[in-house]
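Okay, run-v9.tsv now, which holds TSV, C-alpha atoms:
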chain	number	residue	atom	x	y	z
A	1	MET	CA	-78.20	11.00	-27.02
A	2	GLU	CA	-75.08	9.31	-25.73
A	3	LYS	CA	-74.31	10.01	-22.11
A	4	ARG	CA	-70.99	11.72	-21.53
A	5	ARG	CA	-68.94	11.41	-18.42
A	6	ASP	CA	-65.89	13.11	-17.05
A	7	VAL	CA	-62.60	11.15	-17.08
A	8	PHE	CA	-61.94	12.02	-13.44
A	9	GLN	CA	-65.20	10.48	-12.36
A	10	ALA	CA	-64.36	7.44	-14.42
A	11	ILE	CA	-60.95	6.89	-12.83
A	12	ALA	CA	-62.07	7.76	-9.31
A	13	ASP	CA	-62.99	4.13	-8.74
A	14	PRO	CA	-60.21	1.59	-7.98
A	15	THR	CA	-61.87	-1.25	-9.92
A	16	ARG	CA	-62.10	0.92	-13.00
A	17	ARG	CA	-58.43	1.83	-12.65
A	18	GLU	CA	-57.65	-1.89	-12.54
A	19	ILE	CA	-59.72	-2.51	-15.63
A	20	LEU	CA	-57.80	0.21	-17.46
A	21	LEU	CA	-54.49	-1.34	-16.44
A	22	LEU	CA	-55.69	-4.72	-17.70
A	23	ILE	CA	-56.68	-3.55	-21.14
A	24	ALA	CA	-53.69	-1.23	-21.42
A	25	GLY	CA	-51.73	-4.45	-21.73
A	26	GLU	CA	-53.97	-5.83	-24.50
A	27	PRO	CA	-57.53	-5.32	-25.71
A	28	LEU	CA	-59.88	-7.75	-24.00
A	29	ASN	CA	-63.47	-8.80	-24.43
A	30	LEU	CA	-65.96	-8.27	-21.61
A	31	ASN	CA	-65.89	-11.86	-20.40
A	32	SER	CA	-62.12	-11.95	-20.18
A	33	ILE	CA	-62.18	-8.75	-18.14
A	34	ALA	CA	-64.95	-10.02	-15.86
A	35	ASP	CA	-62.96	-13.21	-15.20
A	36	GLU	CA	-60.24	-11.16	-13.53
A	37	PHE	CA	-62.56	-9.79	-10.86
A	38	GLU	CA	-64.44	-11.29	-7.96
A	39	ILE	CA	-67.37	-8.92	-8.30
A	40	SER	CA	-70.34	-9.98	-10.43
A	41	ARG	CA	-70.41	-9.74	-14.19
A	42	PRO	CA	-73.12	-7.04	-14.19
A	43	ALA	CA	-71.00	-5.01	-11.79
A	44	VAL	CA	-68.01	-5.27	-14.13
A	45	SER	CA	-70.27	-4.36	-17.08
A	46	GLN	CA	-71.41	-1.29	-15.24
A	47	HIS	CA	-67.82	-0.19	-14.65
A	48	ILE	CA	-66.98	-0.71	-18.30
A	49	LYS	CA	-70.05	1.28	-19.28
A	50	ILE	CA	-68.76	4.20	-17.24
A	51	LEU	CA	-65.31	3.91	-18.82
A	52	ASP	CA	-66.95	3.83	-22.24
A	53	GLU	CA	-69.03	6.92	-21.46
A	54	SER	CA	-65.90	8.78	-20.40
A	55	GLY	CA	-64.16	7.98	-23.66
A	56	LEU	CA	-61.28	6.20	-21.91
A	57	VAL	CA	-62.33	2.88	-23.36
A	58	VAL	CA	-63.59	2.12	-26.85
A	59	ILE	CA	-65.73	-0.97	-27.36
A	60	GLN	CA	-65.47	-2.72	-30.68
A	61	LYS	CA	-68.06	-5.27	-31.74
A	62	LYS	CA	-66.48	-8.34	-33.27
A	63	GLY	CA	-69.34	-10.69	-34.12
A	64	ARG	CA	-70.84	-11.50	-30.73
A	65	GLN	CA	-67.78	-10.33	-28.85
A	66	ARG	CA	-67.33	-6.87	-27.48
A	67	VAL	CA	-63.66	-6.04	-27.30
A	68	CYS	CA	-62.49	-3.21	-25.09
A	69	HIS	CA	-59.62	-1.02	-26.18
A	70	ILE	CA	-57.97	1.78	-24.32
A	71	ASN	CA	-58.19	5.22	-25.94
A	72	PRO	CA	-54.70	6.76	-25.82
A	73	ASP	CA	-55.86	10.32	-26.52
A	74	LYS	CA	-58.18	10.32	-23.55
A	75	ILE	CA	-55.46	8.83	-21.38
A	76	LYS	CA	-53.28	11.85	-22.15
A	77	GLU	CA	-55.96	14.05	-20.55
A	78	ILE	CA	-55.25	12.33	-17.25
A	79	ASP	CA	-51.57	13.14	-17.36
A	80	ASP	CA	-51.73	16.68	-16.06
A	81	TRP	CA	-50.22	18.09	-12.87
A	82	LEU	CA	-53.45	19.85	-12.04
A	83	ASN	CA	-55.17	16.50	-11.64
A	84	PRO	CA	-55.29	16.32	-7.84
A	85	PHE	CA	-56.88	19.75	-7.78
A	86	LYS	CA	-59.42	18.73	-10.41
A	87	GLU	CA	-60.20	15.48	-8.65
A	88	LEU	CA	-60.73	17.25	-5.36
A	89	TRP	CA	-63.23	19.67	-6.83
A	90	GLU	CA	-65.01	17.03	-8.94
A	91	ASN	CA	-65.43	15.01	-5.79
A	92	ARG	CA	-66.73	17.94	-3.80
A	93	PHE	CA	-69.16	18.94	-6.52
A	94	ASN	CA	-70.53	15.40	-6.81
A	95	SER	CA	-71.19	15.43	-3.07
A	96	LEU	CA	-72.74	18.87	-3.40
A	97	ASP	CA	-75.03	17.60	-6.19
A	98	SER	CA	-76.28	14.84	-3.85
A	99	LEU	CA	-76.73	17.23	-0.97
A	100	LEU	CA	-78.72	19.67	-3.13
A	101	GLU	CA	-81.01	16.84	-4.26
A	102	GLU	CA	-81.62	15.90	-0.63
A	103	LEU	CA	-82.34	19.49	0.36
A	104	LYS	CA	-84.71	19.97	-2.57
A	105	ASP	CA	-86.59	16.79	-1.59
A	106	GLU	CA	-86.75	17.94	2.02
A	107	SER	CA	-88.33	21.25	1.09
A	108	LYS	CA	-90.82	19.53	-1.24
A	109	ASN	CA	-91.88	17.21	1.57
A	110	LYS	CA	-92.41	20.15	3.89
A	111	ASN	CA	-94.86	21.66	1.39
A	112	LEU	CA	-97.04	18.54	1.24
B	1	MET	CA	-74.63	15.58	-14.66
B	2	SER	CA	-73.01	18.96	-15.17
B	3	LYS	CA	-69.43	19.24	-16.34
B	4	THR	CA	-66.84	21.12	-14.35
B	5	THR	CA	-64.53	23.28	-16.40
B	6	PHE	CA	-61.03	24.06	-15.21
B	7	THR	CA	-58.80	26.68	-16.69
B	8	SER	CA	-55.40	27.61	-15.41
B	9	ASP	CA	-53.28	30.59	-16.27
B	10	LYS	CA	-49.96	30.68	-14.41
B	11	ASN	CA	-50.97	31.41	-10.82
B	12	VAL	CA	-54.74	31.65	-11.37
B	13	LEU	CA	-57.17	28.75	-11.44
B	14	THR	CA	-60.75	29.15	-12.56
B	15	VAL	CA	-63.39	26.51	-11.92
B	16	THR	CA	-66.95	26.69	-13.27
B	17	ARG	CA	-69.82	24.36	-12.54
B	18	SER	CA	-73.61	24.48	-12.75
B	19	PHE	CA	-75.94	23.03	-10.13
B	20	ASP	CA	-79.53	22.00	-10.66
B	21	ALA	CA	-80.90	24.02	-7.75
B	22	PRO	CA	-82.08	27.59	-7.09
B	23	LEU	CA	-79.43	30.13	-6.13
B	24	PRO	CA	-80.57	30.79	-2.54
B	25	LEU	CA	-80.29	27.07	-1.78
B	26	VAL	CA	-76.87	26.74	-3.39
B	27	TRP	CA	-75.71	29.87	-1.51
B	28	ARG	CA	-76.69	28.21	1.77
B	29	THR	CA	-74.59	25.12	0.99
B	30	TRP	CA	-71.50	27.32	0.65
B	31	THR	CA	-72.17	29.61	3.61
B	32	GLU	CA	-73.65	27.50	6.43
B	33	PRO	CA	-71.27	25.28	8.43
B	34	GLU	CA	-73.57	22.25	8.84
B	35	LEU	CA	-74.22	22.15	5.11
B	36	LEU	CA	-70.61	22.87	4.13
B	37	ASP	CA	-69.45	19.94	6.23
B	38	ARG	CA	-71.67	17.63	4.24
B	39	TRP	CA	-69.84	18.12	0.93
B	40	TRP	CA	-66.54	19.87	1.53
B	41	ALA	CA	-64.40	16.81	2.13
B	42	PRO	CA	-63.79	14.35	-0.71
B	43	LYS	CA	-64.75	10.84	0.37
B	44	PRO	CA	-63.48	9.08	2.44
B	45	TRP	CA	-62.36	12.30	4.18
B	46	LYS	CA	-64.73	14.21	6.45
B	47	SER	CA	-65.09	17.93	7.05
B	48	LYS	CA	-65.51	19.34	10.55
B	49	THR	CA	-66.09	23.05	11.15
B	50	LYS	CA	-64.83	24.22	14.51
B	51	HIS	CA	-65.85	27.86	14.15
B	52	MET	CA	-67.60	29.84	11.44
B	53	GLU	CA	-68.79	33.36	11.16
B	54	PHE	CA	-69.88	34.11	7.62
B	55	LYS	CA	-69.45	37.89	7.56
B	56	GLU	CA	-66.90	40.38	6.27
B	57	GLY	CA	-63.89	40.04	8.54
B	58	GLY	CA	-65.16	36.71	9.84
B	59	TYR	CA	-63.68	33.27	9.20
B	60	ARG	CA	-64.26	29.56	9.09
B	61	LEU	CA	-61.86	27.29	10.98
B	62	TYR	CA	-62.19	23.68	9.90
B	63	ALA	CA	-60.45	20.35	9.72
B	64	MET	CA	-60.35	17.76	7.00
B	65	ILE	CA	-60.23	14.40	8.73
B	66	GLY	CA	-58.75	11.44	6.91
B	67	PRO	CA	-59.74	7.78	7.06
B	68	GLU	CA	-57.09	7.10	9.68
B	69	GLY	CA	-58.07	10.07	11.82
B	70	GLU	CA	-55.37	12.38	10.50
B	71	GLU	CA	-56.37	16.06	10.72
B	72	HIS	CA	-55.52	18.87	8.34
B	73	TRP	CA	-56.64	22.28	9.51
B	74	GLY	CA	-57.57	25.23	7.34
B	75	ARG	CA	-58.99	28.68	7.72
B	76	THR	CA	-61.10	30.59	5.24
B	77	ASP	CA	-61.08	34.32	5.93
B	78	TYR	CA	-63.99	36.26	4.46
B	79	THR	CA	-63.00	39.62	2.97
B	80	SER	CA	-66.11	40.73	1.10
B	81	ILE	CA	-69.62	39.33	0.86
B	82	GLU	CA	-72.39	40.38	-1.49
B	83	HIS	CA	-75.47	38.39	-0.55
B	84	HIS	CA	-76.46	35.92	-3.25
B	85	LEU	CA	-73.84	37.33	-5.61
B	86	ASN	CA	-70.34	36.51	-4.50
B	87	PHE	CA	-67.90	36.32	-1.64
B	88	THR	CA	-64.14	36.67	-1.58
B	89	GLY	CA	-61.37	35.89	0.86
B	90	ASP	CA	-58.27	33.89	1.64
B	91	ASP	CA	-57.64	30.19	2.21
B	92	ILE	CA	-54.90	29.58	4.74
B	93	PHE	CA	-53.16	26.56	6.23
B	94	CYS	CA	-53.19	26.64	10.02
B	95	ASP	CA	-53.28	24.56	13.20
B	96	GLU	CA	-56.34	23.54	15.23
B	97	ASN	CA	-56.37	26.95	16.90
B	98	GLY	CA	-56.34	28.84	13.65
B	99	ASN	CA	-52.71	29.94	13.92
B	100	VAL	CA	-51.43	30.59	10.42
B	101	ASN	CA	-48.71	28.36	9.00
B	102	LYS	CA	-46.52	31.06	7.51
B	103	GLU	CA	-44.46	28.59	5.50
B	104	LEU	CA	-47.33	27.57	3.29
B	105	PRO	CA	-48.96	29.52	0.46
B	106	VAL	CA	-52.12	31.55	0.86
B	107	ALA	CA	-54.81	31.38	-1.79
B	108	HIS	CA	-56.97	34.40	-2.54
B	109	PHE	CA	-60.34	33.35	-3.87
B	110	ALA	CA	-63.55	34.77	-5.27
B	111	THR	CA	-66.68	32.65	-5.57
B	112	ASN	CA	-69.42	33.98	-7.83
B	113	PHE	CA	-73.03	32.83	-8.08
B	114	ASN	CA	-75.23	33.28	-11.12
B	115	GLU	CA	-78.72	31.91	-11.66
B	116	VAL	CA	-79.73	31.01	-15.22
B	117	SER	CA	-83.07	29.25	-15.88
B	118	GLY	CA	-83.33	27.74	-12.43
B	119	GLN	CA	-79.74	26.46	-12.49
B	120	THR	CA	-77.04	28.04	-10.43
B	121	GLU	CA	-73.66	28.57	-12.01
B	122	ILE	CA	-70.67	28.87	-9.71
B	123	THR	CA	-67.41	30.44	-10.85
B	124	MET	CA	-64.51	30.12	-8.45
B	125	ILE	CA	-61.31	32.01	-9.09
B	126	THR	CA	-58.30	31.06	-6.98
B	127	GLU	CA	-55.09	33.03	-7.12
B	128	TYR	CA	-51.69	32.29	-5.62
B	129	GLU	CA	-48.75	34.65	-5.28
B	130	SER	CA	-46.93	32.72	-7.97
B	131	GLU	CA	-47.22	29.66	-10.19
B	132	GLU	CA	-44.65	27.89	-7.97
B	133	GLN	CA	-46.87	28.35	-4.93
B	134	LEU	CA	-49.82	26.95	-6.81
B	135	LYS	CA	-47.83	23.86	-7.78
B	136	GLN	CA	-46.57	23.49	-4.22
B	137	VAL	CA	-50.10	23.35	-2.84
B	138	ILE	CA	-51.21	20.84	-5.44
B	139	GLU	CA	-48.21	18.63	-4.75
B	140	MET	CA	-49.00	18.78	-1.04
B	141	GLY	CA	-52.53	17.69	-1.78
B	142	MET	CA	-51.16	14.65	-3.56
B	143	LYS	CA	-48.87	13.71	-0.67
B	144	GLU	CA	-51.60	14.14	1.90
B	145	GLY	CA	-53.75	11.76	-0.06
B	146	LEU	CA	-56.47	14.25	-0.71
B	147	SER	CA	-56.48	13.05	-4.26
B	148	MET	CA	-57.74	9.59	-5.00
B	149	ALA	CA	-54.23	8.19	-5.29
B	150	PHE	CA	-53.36	7.58	-8.91
B	151	GLU	CA	-50.47	5.49	-7.68
B	152	ASN	CA	-48.55	4.74	-10.80
B	153	LEU	CA	-51.57	4.43	-13.02
B	154	ASP	CA	-51.02	7.43	-15.21
B	155	GLU	CA	-47.38	6.56	-15.80
B	156	VAL	CA	-48.25	3.02	-16.82
B	157	LEU	CA	-51.13	4.07	-19.01
B	158	VAL	CA	-49.17	6.76	-20.78
B	159	ALA	CA	-46.34	4.30	-21.37
B	160	GLU	CA	-48.72	1.71	-22.79
B	161	ALA	CA	-50.76	4.10	-24.93
Mind turning the file's structure into structure tokens?
Amino acid sequence: MEKRRDVFQAIADPTRREILLLIAGEPLNLNSIADEFEISRPAVSQHIKILDESGLVVIQKKGRQRVCHINPDKIKEIDDWLNPFKELWENRFNSLDSLLEELKDESKNKNL
Amino acid sequence: MSKTTFTSDKNVLTVTRSFDAPLPLVWRTWTEPELLDRWWAPKPWKSKTKHMEFKEGGYRLYAMIGPEGEEHWGRTDYTSIEHHLNFTGDDIFCDENGNVNKELPVAHFATNFNEVSGQTEITMITEYESEEQLKQVIEMGMKEGLSMAFENLDEVLVAEA
């Protein structure tokens, strides 16, 4: 099953926002995108994977190339005045997820 | 990872989210100051609770501290509490002593907890006096940088799409 990811999580990262800006100008293959960044290729790939999972980016296979296109319908989801509110709560809930995992681990360890 | 759903209807916002943890544990993370401070502020902000008494008529006085040390104070007043079920109250803007800022909107909220198959579902309903007040608070959040700073991204993307 394909993993699905929320657009707000996807755009929460500044590098991913930069990638979106890049390919908004023109579709680019992975290597061309990676060339624009100082971080490693695998790191760029990971960011693109997240953008793909969120539906913001669509990856088209052209022979051995993988060309990244922006998905205009998903982009429209971002353009909403409620966004700061949504981002705030998404952020909080992600932190809460991590905290709950820690607390669950802590209580498991106590029972050992 | 669970998806958060947001619905808005004029002056009322509803947020729903499930957590992979038992209800009593999730309840603690919303009602104990040390735990609240560990998730309440969106990174890179930090949450600091100055005073908290989780009981009907009690309140939590806290600050959100920004990356440059800027402080934004808030108070959550607890109106009703039903253990492990829900709690309701008001969210107020204030100063570091808890004095209410009368010029800013007050949010009335209800947070409900429901356990289904070991997962805890939270439903938060936030209500403002009017839709204008709701928008005002959200716009303030943007200016104070509590959002992740879209900068002009959405404008550019929408223009290009």
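Going from CA of Phe54 (chain B) to CA of Glu106 (chain A) covers 24.0 Å.
If you measure from each of A:Lys62, A:Lys104, A:Lys110, A:Lys74 to Pro24 (chain B) using only C-alpha atoms, the closest one turns out to be A:Lys104.
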Among the residues B:Ala41, B:Leu23, B:Ile65, B:Ile125, the one that comes closest to chain A [using all atoms listed in the file]: B:Ala41
Excluding Val7 (chain A) and any residue of its chain fewer than 4 positions from it, enumerate the residues within 8 Å of it, using all atoms listed in the file, and give them as a ChimeraX atom specification. /A:11,51,54-56,74,78
Using all atoms listed in the file, find the residues of chain A whose closest atom to chain B is at most 7 Å away, then write them as an MDAnalysis selection string. chainID A and resid 12 21 24:25 72 75:76 78:79 84:85 87:88 91:92 95:97 100
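Between CA of Ser80 (chain B) and CA of Leu99 (chain A) the separation is 25.9 Å.
Our summary of the geometry notes that CA of Glu34 (chain B) is positioned 22.4 Å from CA of Glu68 (chain B).
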Compute the distance from (-59.6, -3.1, -12.1) to each atom, counting only C-alpha atoms, keep the residues with any atom at most 12 Å away, and return them as a ChimeraX atom specification; use the coordinates of the file. /A:10-24,33-39,43-45,47-48,51 /B:153
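Nearest residue to Asn97 (chain B) among B:Tyr128, B:Tyr78, B:Phe109, B:Tyr62 is B:Tyr62, counting only C-alpha atoms.
Excluding region 57-60 of chain A and any residue on its chain fewer than 2 positions from it, the residues at most 6 Å away by all atoms listed in the file are Leu51, Asp52, Gly55, Arg66, Val67, Cys68, His69, Ile70 and Asn71 of chain A.
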Save out the residues we just selected, C-alpha atoms, as a compact mmCIF listing (two decimals), keeping the file's coordinate frame.
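Final file, result31.txt:
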# COMPACT_ATOMS: atom_id res chain seq x y z
CA LEU A 51 -65.31 3.91 -18.82
CA ASP A 52 -66.95 3.83 -22.24
CA GLY A 55 -64.16 7.98 -23.66
CA ARG A 66 -67.33 -6.87 -27.48
CA VAL A 67 -63.66 -6.04 -27.30
CA CYS A 68 -62.49 -3.21 -25.09
CA HIS A 69 -59.62 -1.02 -26.18
CA ILE A 70 -57.97 1.78 -24.32
CA ASN A 71 -58.19 5.22 -25.94
Selection: 12 Å around Glu56 (chain B), all atoms listed in the file, excl. self and same-chain fewer than 5 positions, as number ranges by chain: B: 76-83, 86-90
Atoms kept (C-alpha atoms) for selection, written as a PDB file, in the frame of the given file:
ATOM      1  CA  THR B  76     -61.100  30.590   5.240  1.00  0.00           C
ATOM      2  CA  ASP B  77     -61.080  34.320   5.930  1.00  0.00           C
ATOM      3  CA  TYR B  78     -63.990  36.260   4.460  1.00  0.00           C
ATOM      4  CA  THR B  79     -63.000  39.620   2.970  1.00  0.00           C
ATOM      5  CA  SER B  80     -66.110  40.730   1.100  1.00  0.00           C
ATOM      6  CA  ILE B  81     -69.620  39.330   0.860  1.00  0.00           C
ATOM      7  CA  GLU B  82     -72.390  40.380  -1.490  1.00  0.00           C
ATOM      8  CA  HIS B  83     -75.470  38.390  -0.550  1.00  0.00           C
ATOM      9  CA  ASN B  86     -70.340  36.510  -4.500  1.00  0.00           C
ATOM     10  CA  PHE B  87     -67.900  36.320  -1.640  1.00  0.00           C
ATOM     11  CA  THR B  88     -64.140  36.670  -1.580  1.00  0.00           C
ATOM     12  CA  GLY B  89     -61.370  35.890   0.860  1.00  0.00           C
ATOM     13  CA  ASP B  90     -58.270  33.890   1.640  1.00  0.00           C
TER      14      ASP B  90
END
Specify the axis-aligned box that encloses all atoms of region 63-66 of chain A listed in the file after padding of 8 Å on each side, stating its centre and edge lengths in Å to one decimal as AutoDock Vina command-line options.
--center_x -69.1 --center_y -9.2 --center_z -30.8 --size_x 19.5 --size_y 20.6 --size_z 22.6
In terms of only C-alpha atoms, the residue from B:Arg28, B:His84, B:His108, B:Arg75 at minimal distance from Gly58 (chain B) is B:Arg75
Can you list, as a list in words, every protein, DNA or RNA residue that comes within 10 Å of Pro33 (chain B) when you count all atoms listed in the file, leaving out same-chain residues fewer than 6 positions away? Trp40, Ser47, Lys48, Thr49, Lys50, His51, Met52, Glu53, Phe54, Arg60, Leu61 and Tyr62 of chain B
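Residue nearest Cys94 (chain B) within the list B:Thr111, B:Ser117, B:Glu132, B:Met64: B:Met64 [criterion: smallest interatomic distance, all atoms listed in the file].
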